[in-house]
file start19.txt (compact mmCIF, C-alpha atoms and all ligand atoms)
# COMPACT_ATOMS: atom_id res chain seq x y z
CA MET M 632 -39.80 144.36 228.47
CA ARG M 633 -37.88 145.68 231.52
CA VAL M 634 -36.44 149.21 231.39
CA PRO M 635 -34.01 149.48 234.33
CA PHE M 636 -32.90 152.77 235.83
CA VAL M 637 -29.28 151.81 236.51
CA ASP M 638 -27.01 149.14 235.03
CA VAL M 639 -23.56 149.22 236.60
CA ARG M 640 -22.79 145.65 235.52
CA SER M 641 -22.77 146.66 231.85
CA GLN M 642 -20.40 149.52 232.69
CA TYR M 643 -18.04 147.06 234.39
CA ALA M 644 -18.22 144.68 231.42
CA GLU M 645 -16.97 147.52 229.19
CA VAL M 646 -14.00 148.45 231.37
CA ARG M 647 -12.93 145.17 232.98
CA GLU M 648 -10.07 144.53 230.56
CA THR M 649 -8.39 147.73 231.74
CA LEU M 650 -9.60 147.63 235.32
CA ASP M 651 -9.01 144.06 236.47
CA PRO M 652 -5.20 144.19 236.11
CA TRP M 653 -5.11 147.56 237.91
CA ILE M 654 -7.07 146.19 240.85
CA GLN M 655 -4.89 143.11 240.94
CA GLU M 656 -1.80 145.32 241.07
CA ILE M 657 -3.22 147.51 243.85
CA LEU M 658 -4.01 144.46 245.97
CA GLU M 659 -0.62 142.91 245.34
CA THR M 660 1.47 146.04 245.96
CA GLY M 661 -0.52 147.23 248.98
CA ALA M 662 -0.74 150.85 247.71
CA TYR M 663 -4.33 151.20 248.98
CA VAL M 664 -4.81 154.92 249.61
CA LEU M 665 -3.79 158.16 247.85
CA GLY M 666 -1.54 156.36 245.37
CA LYS M 667 -0.78 156.75 241.67
CA HIS M 668 -4.37 156.27 240.48
CA ASN M 669 -5.53 159.01 242.85
CA ARG M 670 -2.95 161.44 241.49
CA ALA M 671 -3.70 160.50 237.89
CA LEU M 672 -7.46 160.79 238.43
CA GLU M 673 -7.06 164.24 239.97
CA GLU M 674 -5.05 165.36 236.99
CA GLU M 675 -7.36 163.80 234.41
CA VAL M 676 -10.58 165.22 235.87
CA ALA M 677 -9.03 168.66 236.47
CA ARG M 678 -7.75 168.72 232.87
CA ARG M 679 -11.15 167.78 231.46
CA HIS M 680 -12.78 170.60 233.41
CA GLY M 681 -10.00 173.05 232.56
CA VAL M 682 -9.27 173.75 236.24
CA LYS M 683 -5.91 173.86 237.95
CA HIS M 684 -6.52 171.47 240.85
CA GLY M 685 -8.52 168.32 241.60
CA VAL M 686 -8.53 167.04 245.18
CA ALA M 687 -9.87 163.49 245.49
CA VAL M 688 -11.93 162.76 248.60
CA ASN M 689 -14.21 160.12 250.07
CA SER M 690 -17.59 161.26 248.73
CA GLY M 691 -19.43 164.11 247.06
CA THR M 692 -20.72 165.18 250.44
CA ASP M 693 -17.17 165.41 251.80
CA ALA M 694 -16.14 167.35 248.69
CA LEU M 695 -18.78 170.00 249.52
CA ARG M 696 -18.05 169.95 253.24
CA ILE M 697 -14.29 170.35 252.81
CA MET M 698 -14.83 172.93 250.04
CA LEU M 699 -16.84 175.12 252.44
CA ASP M 700 -14.13 174.85 255.13
CA ALA M 701 -11.28 175.45 252.72
CA CYS M 702 -13.10 178.51 251.32
CA GLY M 703 -13.66 179.94 254.79
CA VAL M 704 -17.44 179.54 255.18
CA GLY M 705 -18.25 179.29 258.90
CA PRO M 706 -20.40 180.43 261.83
CA GLY M 707 -22.34 183.63 261.21
CA ASP M 708 -22.21 183.30 257.44
CA GLU M 709 -25.22 182.89 255.15
CA VAL M 710 -25.13 180.79 252.02
CA ILE M 711 -27.84 181.31 249.39
CA THR M 712 -28.95 178.04 247.86
CA THR M 713 -31.88 175.87 246.74
CA ALA M 714 -34.21 173.52 248.61
CA PHE M 715 -34.74 171.45 245.45
CA THR M 716 -31.67 169.25 245.79
CA PHE M 717 -30.20 166.21 247.47
CA VAL M 718 -29.87 166.83 251.20
CA ALA M 719 -26.06 166.90 251.13
CA SER M 720 -25.98 170.34 249.47
CA VAL M 721 -27.62 171.86 252.53
CA GLU M 722 -26.54 169.67 255.45
CA VAL M 723 -22.90 170.62 254.82
CA ILE M 724 -23.74 174.33 255.18
CA LEU M 725 -25.28 173.68 258.59
CA GLN M 726 -22.39 171.42 259.58
CA ALA M 727 -20.02 174.29 258.74
CA GLY M 728 -21.95 176.42 261.26
CA ALA M 729 -23.39 178.68 258.53
CA ARG M 730 -27.05 179.28 257.61
CA PRO M 731 -28.57 178.09 254.34
CA VAL M 732 -30.88 180.74 252.85
CA PHE M 733 -33.32 179.19 250.39
CA VAL M 734 -34.53 180.96 247.27
CA ASP M 735 -36.96 179.47 244.77
CA ILE M 736 -36.00 177.69 241.53
CA GLU M 737 -36.74 178.58 237.92
CA PRO M 738 -39.26 176.19 236.29
CA GLN M 739 -37.15 175.30 233.21
CA GLY M 740 -34.05 173.63 234.62
CA PHE M 741 -35.32 173.46 238.25
CA MET M 742 -32.26 175.31 239.57
CA ILE M 743 -31.66 178.38 241.71
CA ASP M 744 -33.42 181.41 240.18
CA PRO M 745 -30.87 184.25 239.85
CA ASN M 746 -33.71 186.80 239.87
CA GLN M 747 -34.41 185.88 243.49
CA VAL M 748 -30.83 185.71 244.66
CA GLU M 749 -30.15 189.44 244.78
CA ASP M 750 -33.08 190.08 247.17
CA ALA M 751 -31.76 187.40 249.52
CA VAL M 752 -28.32 188.99 249.91
CA THR M 753 -27.68 190.47 253.38
CA ASP M 754 -24.52 191.75 255.02
CA ARG M 755 -23.97 188.22 256.32
CA THR M 756 -24.09 186.55 252.92
CA LYS M 757 -20.78 184.88 252.15
CA ALA M 758 -21.55 182.65 249.19
CA ILE M 759 -24.04 181.51 246.57
CA LEU M 760 -24.17 177.72 246.27
CA PRO M 761 -25.93 176.69 243.03
CA VAL M 762 -26.70 173.02 242.47
CA HIS M 763 -26.17 171.94 238.87
CA LEU M 764 -29.09 169.56 238.61
CA PHE M 765 -29.64 166.51 236.41
CA GLY M 766 -26.58 167.09 234.17
CA GLN M 767 -26.67 170.78 233.29
CA LEU M 768 -25.35 173.96 234.84
CA ALA M 769 -27.46 176.55 236.66
CA ASP M 770 -27.49 180.10 235.26
CA VAL M 771 -23.81 180.51 236.08
CA GLU M 772 -23.31 183.78 234.20
CA ALA M 773 -26.06 185.59 236.11
CA LEU M 774 -24.90 184.11 239.42
CA ALA M 775 -21.25 185.00 238.81
CA ASP M 776 -22.35 188.53 237.92
CA ILE M 777 -24.31 188.95 241.17
CA ALA M 778 -21.40 187.49 243.14
CA ARG M 779 -18.95 189.90 241.53
CA ARG M 780 -21.14 192.93 242.19
CA ARG M 781 -21.97 191.96 245.78
CA GLY M 782 -18.56 190.63 246.79
CA LEU M 783 -19.68 187.00 247.28
CA MET M 784 -18.14 183.63 246.49
CA VAL M 785 -19.79 181.15 244.13
CA LEU M 786 -19.33 177.58 245.39
CA GLU M 787 -20.76 175.03 242.96
CA ASP M 788 -22.46 171.76 243.85
CA ALA M 789 -21.46 169.93 240.67
CA ALA M 790 -22.22 166.46 242.08
CA GLN M 791 -24.46 165.71 239.08
CA ALA M 792 -22.53 167.70 236.50
CA ILE M 793 -19.21 166.12 235.60
CA ASP M 794 -18.41 167.03 231.99
CA SER M 795 -21.32 169.51 231.79
CA SER M 796 -20.44 172.92 230.44
CA HIS M 797 -21.80 176.37 229.65
CA HIS M 798 -20.49 177.86 226.39
CA GLY M 799 -17.65 175.33 226.65
CA VAL M 800 -16.69 176.25 230.23
CA TYR M 801 -16.96 173.50 232.84
CA ALA M 802 -18.03 173.45 236.50
CA GLY M 803 -15.25 174.58 238.80
CA ASN M 804 -14.59 177.71 236.73
CA PHE M 805 -17.55 179.87 237.74
CA GLY M 806 -16.51 180.52 241.30
CA LEU M 807 -13.90 179.68 243.89
CA ALA M 808 -14.48 175.90 243.90
CA ALA M 809 -16.84 173.06 242.98
CA GLY M 810 -17.62 169.62 244.40
CA LEU M 811 -18.14 166.49 242.28
CA SER M 812 -19.73 163.21 243.39
CA PHE M 813 -18.69 159.84 242.00
CA TYR M 814 -21.42 157.92 243.80
CA VAL M 815 -22.28 154.63 242.06
CA THR M 816 -25.23 155.96 240.05
CA LYS M 817 -23.60 159.17 238.81
CA ASN M 818 -22.56 159.50 235.12
CA LEU M 819 -19.05 158.66 236.38
CA GLY M 820 -19.63 156.27 239.28
CA ALA M 821 -17.21 154.48 241.60
CA ALA M 822 -17.79 151.05 243.12
CA GLY M 823 -18.87 152.82 246.32
CA ASP M 824 -18.33 156.37 247.56
CA ALA M 825 -15.93 158.92 246.12
CA GLY M 826 -15.83 162.64 245.26
CA MET M 827 -13.56 165.50 244.22
CA ILE M 828 -13.03 169.20 244.86
CA LEU M 829 -12.14 171.30 241.81
CA THR M 830 -10.56 174.73 242.11
CA ASN M 831 -8.30 177.17 240.33
CA ASP M 832 -7.16 178.59 243.67
CA ASP M 833 -3.81 177.30 244.98
CA ASP M 834 -4.61 178.13 248.58
CA VAL M 835 -8.03 176.40 248.55
CA ALA M 836 -6.43 173.32 246.95
CA GLU M 837 -3.66 173.21 249.51
CA LYS M 838 -6.14 173.52 252.40
CA ALA M 839 -8.46 170.85 250.94
CA ARG M 840 -5.52 168.46 250.45
CA SER M 841 -4.52 168.94 254.05
CA MET M 842 -8.06 168.74 255.43
CA ARG M 843 -8.78 165.39 253.80
CA VAL M 844 -6.04 163.92 256.02
CA HIS M 845 -6.95 165.49 259.37
CA GLY M 846 -5.44 168.87 258.54
CA MET M 847 -1.95 167.39 258.42
CA GLY M 848 0.81 169.57 256.94
CA ARG M 849 3.78 168.39 254.89
CA GLU M 850 5.27 166.80 257.96
CA ARG M 851 3.55 163.70 259.30
CA TYR M 852 1.62 164.21 262.58
CA TYR M 853 1.92 167.99 262.46
CA TYR M 854 -1.45 169.70 261.95
CA ASP M 855 -2.36 173.02 260.32
CA TYR M 856 -6.18 172.73 260.32
CA VAL M 857 -8.96 170.81 262.00
CA GLY M 858 -9.66 168.24 259.32
CA TYR M 859 -11.39 165.05 258.30
CA THR M 860 -10.58 161.51 257.34
CA SER M 861 -11.57 161.68 253.70
CA ARG M 862 -9.05 159.94 251.47
CA MET M 863 -10.18 158.29 248.27
CA ASP M 864 -9.39 154.56 248.15
CA GLU M 865 -6.98 153.62 245.40
CA ILE M 866 -9.37 150.94 244.12
CA GLN M 867 -12.09 153.58 243.67
CA ALA M 868 -9.63 155.83 241.84
CA ALA M 869 -8.76 152.94 239.51
CA VAL M 870 -12.46 152.20 238.84
CA LEU M 871 -13.05 155.87 238.07
CA ARG M 872 -10.03 156.16 235.76
CA ALA M 873 -11.11 153.11 233.78
CA LYS M 874 -14.66 154.46 233.44
CA LEU M 875 -13.45 157.99 232.68
CA GLN M 876 -12.10 156.65 229.36
CA ARG M 877 -15.68 155.71 228.44
CA LEU M 878 -17.45 158.75 229.92
CA ARG M 879 -17.64 160.85 226.77
CA ALA M 880 -19.13 157.95 224.79
CA TRP M 881 -21.57 157.16 227.59
CA ASN M 882 -22.68 160.80 227.82
CA GLU M 883 -23.13 160.93 224.04
CA ARG M 884 -25.34 157.85 224.29
CA ARG M 885 -27.37 159.57 227.00
CA GLY M 886 -27.79 162.49 224.58
CA GLU M 887 -29.04 160.15 221.85
CA LEU M 888 -31.55 158.61 224.24
CA ALA M 889 -32.76 162.07 225.34
CA ALA M 890 -33.35 162.95 221.67
CA LEU M 891 -35.21 159.67 221.21
CA TYR M 892 -37.49 160.43 224.17
CA GLY M 893 -38.00 163.96 222.82
CA THR M 894 -39.33 162.70 219.50
CA ALA M 895 -41.29 159.79 220.97
CA LEU M 896 -43.04 162.01 223.52
CA GLU M 897 -44.10 164.72 221.07
CA GLY M 898 -47.76 165.61 221.53
CA VAL M 899 -47.92 163.97 224.99
CA PRO M 900 -49.18 166.41 227.67
CA VAL M 901 -46.02 166.41 229.80
CA CYS M 902 -43.32 169.08 230.05
CA PRO M 903 -40.14 167.56 228.63
CA PRO M 904 -36.77 168.62 230.08
CA LYS M 905 -35.30 171.85 228.73
CA VAL M 906 -31.69 172.60 227.99
CA LEU M 907 -30.91 176.10 229.27
CA PRO M 908 -29.30 178.50 226.75
CA GLY M 909 -25.57 177.89 226.23
CA ASN M 910 -25.56 174.60 228.14
CA ASN M 911 -24.13 171.25 227.13
CA HIS M 912 -26.40 168.76 228.94
CA THR M 913 -24.98 165.41 230.03
CA TRP M 914 -28.38 163.90 230.87
CA HIS M 915 -27.72 162.57 234.35
CA GLN M 916 -31.52 162.48 234.56
CA TYR M 917 -34.34 162.81 232.03
CA SER M 918 -37.07 164.47 234.07
CA ILE M 919 -40.57 165.23 232.86
CA VAL M 920 -43.23 167.26 234.66
CA THR M 921 -46.89 166.25 234.90
CA THR M 922 -49.73 166.91 237.34
CA ARG M 923 -50.56 163.16 237.13
CA ARG M 924 -47.07 162.13 238.28
CA ASP M 925 -47.96 159.52 240.95
CA GLU M 926 -50.54 157.76 238.74
CA LEU M 927 -48.05 157.71 235.86
CA GLN M 928 -45.32 156.24 238.03
CA ALA M 929 -47.59 153.42 239.23
CA PHE M 930 -48.69 152.72 235.63
CA LEU M 931 -45.08 152.48 234.45
CA LYS M 932 -44.07 150.28 237.38
CA ASP M 933 -46.79 147.74 236.52
CA ARG M 934 -45.36 147.61 232.99
CA GLY M 935 -41.70 147.06 233.92
CA VAL M 936 -40.56 150.66 233.36
CA ASP M 937 -38.49 152.03 236.25
CA SER M 938 -38.76 155.69 237.24
CA MET M 939 -37.57 157.81 240.14
CA ILE M 940 -38.71 160.97 241.90
CA TYR M 941 -35.94 163.53 242.43
CA TYR M 942 -37.00 165.02 244.84
CA PRO M 943 -40.38 164.16 246.39
CA VAL M 944 -40.25 166.63 249.31
CA PRO M 945 -38.16 169.82 249.14
CA LEU M 946 -35.70 170.27 251.95
CA HIS M 947 -37.47 173.17 253.69
CA LEU M 948 -40.38 170.83 254.47
CA HIS M 949 -38.24 168.22 256.32
CA SER M 950 -38.04 168.57 260.10
CA PRO M 951 -34.28 169.31 260.43
CA TYR M 952 -34.56 172.13 257.88
CA ARG M 953 -38.01 173.59 258.59
CA HIS M 954 -36.64 176.48 260.63
CA LEU M 955 -34.88 177.77 257.50
CA ALA M 956 -38.07 178.82 255.65
CA ASN M 957 -41.70 179.76 256.26
CA GLY M 958 -43.27 176.36 255.65
CA PRO M 959 -45.50 175.20 252.78
CA GLY M 960 -46.11 177.90 250.20
CA SER M 961 -42.85 179.73 250.88
CA LEU M 962 -41.07 178.27 247.79
CA PRO M 963 -43.97 177.75 245.35
CA VAL M 964 -42.07 176.61 242.24
CA THR M 965 -39.88 174.25 244.27
CA GLU M 966 -42.97 172.75 245.92
CA ARG M 967 -44.90 172.34 242.65
CA ILE M 968 -41.99 170.70 240.85
CA SER M 969 -41.49 168.30 243.78
CA ARG M 970 -45.11 167.19 243.33
CA GLU M 971 -44.95 166.88 239.54
CA ILE M 972 -41.47 165.72 238.51
CA LEU M 973 -40.62 162.20 237.34
CA SER M 974 -37.29 160.90 236.01
CA LEU M 975 -37.37 158.23 233.29
CA PRO M 976 -34.53 155.74 232.68
CA ILE M 977 -31.70 157.22 230.58
CA GLN M 978 -28.60 155.20 231.46
CA PRO M 979 -26.25 154.62 228.52
CA HIS M 980 -26.68 150.86 228.29
CA LEU M 981 -30.35 151.04 227.39
CA THR M 982 -31.23 150.05 223.84
CA ASP M 983 -33.29 152.29 221.55
CA GLU M 984 -36.06 149.70 221.88
CA GLN M 985 -36.11 149.99 225.66
CA VAL M 986 -36.38 153.78 225.56
CA LEU M 987 -39.05 153.67 222.84
CA HIS M 988 -40.92 151.14 224.97
CA ALA M 989 -40.75 153.45 228.03
CA ALA M 990 -41.95 156.38 225.91
CA ALA M 991 -44.73 154.26 224.40
CA LYS M 992 -45.98 153.40 227.90
CA VAL M 993 -46.04 157.10 228.81
CA ARG M 994 -48.04 157.77 225.62
CA GLU M 995 -50.39 154.90 226.44
CA PHE M 996 -50.99 156.32 229.93
CA PHE M 997 -52.08 159.65 228.47
CA GLY M 998 -54.08 157.93 225.71
CA ALA M 999 -51.88 159.77 223.20
C1 LIG K 1001 -26.81 167.42 244.16
C2 LIG K 1001 -25.99 166.51 245.00
N1 LIG K 1001 -25.19 167.04 245.94
C3 LIG K 1001 -24.41 166.26 246.70
C4 LIG K 1001 -24.40 164.89 246.57
C5 LIG K 1001 -23.59 164.08 247.52
O1 LIG K 1001 -22.72 163.20 246.92
P1 LIG K 1001 -22.34 161.80 247.59
O2 LIG K 1001 -23.55 160.92 247.55
O3 LIG K 1001 -21.22 161.31 246.74
O4 LIG K 1001 -21.91 162.08 248.98
C6 LIG K 1001 -25.20 164.30 245.59
C7 LIG K 1001 -25.19 162.86 245.32
O5 LIG K 1001 -25.75 162.01 245.84
C8 LIG K 1001 -26.03 165.12 244.80
O6 LIG K 1001 -26.84 164.60 243.87

call {"tool": "encode", "arguments": {"input": "start19.txt", "output": "structure tokens"}}
result
Amino acid sequence: MRVPFVDVRSQYAEVRETLDPWIQEILETGAYVLGKHNRALEEEVARRHGVKHGVAVNSGTDALRIMLDACGVGPGDEVITTAFTFVASVEVILQAGARPVFVDIEPQGFMIDPNQVEDAVTDRTKAILPVHLFGQLADVEALADIARRRGLMVLEDAAQAIDSSHHGVYAGNFGLAAGLSFYVTKNLGAAGDAGMILTNDDDVAEKARSMRVHGMGRERYYYDYVGYTSRMDEIQAAVLRAKLQRLRAWNERRGELAALYGTALEGVPVCPPKVLPGNNHTWHQYSIVTTRRDELQAFLKDRGVDSMIYYPVPLHLHSPYRHLANGPGSLPVTERISREILSLPIQPHLTDEQVLHAAAKVREFFGA
């Protein structure tokens, strides 16, 4: 039995009745960029997250990059963040001319450890940038509290956390702004690249809207900011709107599969994923921790069970980012988790049998 990690064709099969006519209409009318689907998507995502503004852009990376600019992060500033993330979270800070300051992660949810943030604050610190990893939010209450006391912004990397909440409050509400990714494999994935900035701040929204079209103001070819070319294609917006109607059901299915893994892996010597207190987890990934990670991955591969390593080498150990930390040993929890973490398939179109099969192979590996 094959247990695949992603299955975008089954997603398309579920939405094609809605989507195909929309795409046909876009192609026939020629409204290719920033049209009615873009505006509707911005409204629909912002409403779901309970934020005032959604600004659709070209990718999750652009969402973070434009968010930093629109929030005024620039040369001389420090941004406290994590090295246990996808590279985009950190490259955008450097591109903005600011300095990423890494602190270690907590070992439960693998996200920025608020206990270490306070010590990292200097008079140059401008923002804390938590990354909401694998479908749940970082310790947003503690981070927002530090930010309030120390006069800092919280800027959320919510690329993996659409629809995730903490005590019913969604990403985009814990600081000045948040960035979402709609990359193909995300819980809500486009047919290519797309992203969105969420904010309750009118000024940040206005700047981000302008910056995604070269910093243009209301009048065409008059510029207020140095900007980017980062419009969302109308076809991507249509794909995302069609899939958004299914997102809640798909996330619920992910939750069912997580529960199934939980029961099927009882008694196996791996650390199962933990839901942090107050969080609603949307199970973008189901990540277990084991010291025998590489052996287990090879064993599963030979038996048709896909798995992925997010992330095999933390960012402070890659050459472009090495100058930002003190080498191996400087972020011990981050480094250990990078060696021991493994994500098992949890996409919503898996059957119970497929997930039970994957879990059975993990049990078999450990002789459980
Ligand atoms: C944590 C994190 N930040 C940022 C990004 C960047 O998003 P994108 O690939 O849409 O540019 C991603 C997604 O790949 C991500 O997982």

call {"tool": "closest_residue", "arguments": {"input": "start19.txt", "among": "M:Ala671, M:Leu665, M:Leu807, M:Val748", "to": "Met698 of chain M", "atoms": "all atoms listed in the file"}}
result
M:Leu807

call {"tool": "residues_near_ligand", "arguments": {"input": "start19.txt", "ligand": "ligand LIG 1001 (chain K)", "cutoff": "8 Å", "atoms": "all atoms listed in the file", "output": "list of chain:residue names"}}
result
M:Asn689, M:Ser690, M:Gly691, M:Thr692, M:Asp693, M:Ala694, M:Leu695, M:Thr716, M:Phe717, M:Val718, M:Ala719, M:Ser720, M:Val762, M:His763, M:Leu764, M:Asp788, M:Ala789, M:Ala790, M:Gln791, M:Gly810, M:Leu811, M:Ser812, M:Phe813, M:Tyr814, M:Lys817, M:Asp824, M:Ala825, M:Gly826

call {"tool": "closest_atom_pairs", "arguments": {"input": "start19.txt", "of": "segment 928-956 of chain M", "to": "segment 721-740 of chain M", "cutoff": "12 Å", "atoms": "all atoms listed in the file", "output": "JSON lines"}}
result
{"residue": "M:Pro945", "atom": "CA", "partner": "M:Phe733", "partner_atom": "CA", "distance": 10.6}
{"residue": "M:Leu946", "atom": "CA", "partner": "M:Val721", "partner_atom": "CA", "distance": 8.3}
{"residue": "M:His947", "atom": "CA", "partner": "M:Phe733", "partner_atom": "CA", "distance": 8.0}
{"residue": "M:Leu948", "atom": "CA", "partner": "M:Phe733", "partner_atom": "CA", "distance": 11.7}
{"residue": "M:His949", "atom": "CA", "partner": "M:Glu722", "partner_atom": "CA", "distance": 11.8}
{"residue": "M:Pro951", "atom": "CA", "partner": "M:Glu722", "partner_atom": "CA", "distance": 9.2}
{"residue": "M:Tyr952", "atom": "CA", "partner": "M:Glu722", "partner_atom": "CA", "distance": 8.7}
{"residue": "M:Arg953", "atom": "CA", "partner": "M:Phe733", "partner_atom": "CA", "distance": 11.0}
{"residue": "M:His954", "atom": "CA", "partner": "M:Pro731", "partner_atom": "CA", "distance": 10.4}
{"residue": "M:Leu955", "atom": "CA", "partner": "M:Val732", "partner_atom": "CA", "distance": 6.8}
{"residue": "M:Ala956", "atom": "CA", "partner": "M:Phe733", "partner_atom": "CA", "distance": 7.1}

call {"tool": "residues_near_point", "arguments": {"input": "start19.txt", "point": "(-49.5, 166.0, 226.4)", "cutoff": "8 Å", "atoms": "only C-alpha atoms", "output": "count of residues only"}}
result
8

call {"tool": "residues_around", "arguments": {"input": "start19.txt", "residues": "Gly846 of chain M", "least_positions_apart": "5", "cutoff": "7 Å", "atoms": "only C-alpha atoms", "output": "number ranges by chain"}}
result
M: 841, 854-858

call {"tool": "closest_atom_pairs", "arguments": {"input": "start19.txt", "of": "segment 943-977 of chain M", "to": "segment 990-996 of chain M", "cutoff": "12 Å", "atoms": "all atoms listed in the file", "output": "Markdown table"}}
result
| residue | atom | partner | partner_atom | distance |
| --- | --- | --- | --- | --- |
| M:Leu973 | CA | M:Val993 | CA | 11.3 |
| M:Ser974 | CA | M:Val993 | CA | 12.0 |
| M:Leu975 | CA | M:Ala990 | CA | 8.9 |
| M:Pro976 | CA | M:Ala990 | CA | 10.1 |
| M:Ile977 | CA | M:Ala990 | CA | 11.3 |

call {"tool": "closest_residue", "arguments": {"input": "start19.txt", "among": "M:Val752, M:Ile828, M:Tyr892, M:Phe741", "to": "Ile972 of chain M", "atoms": "only C-alpha atoms"}}
result
M:Phe741
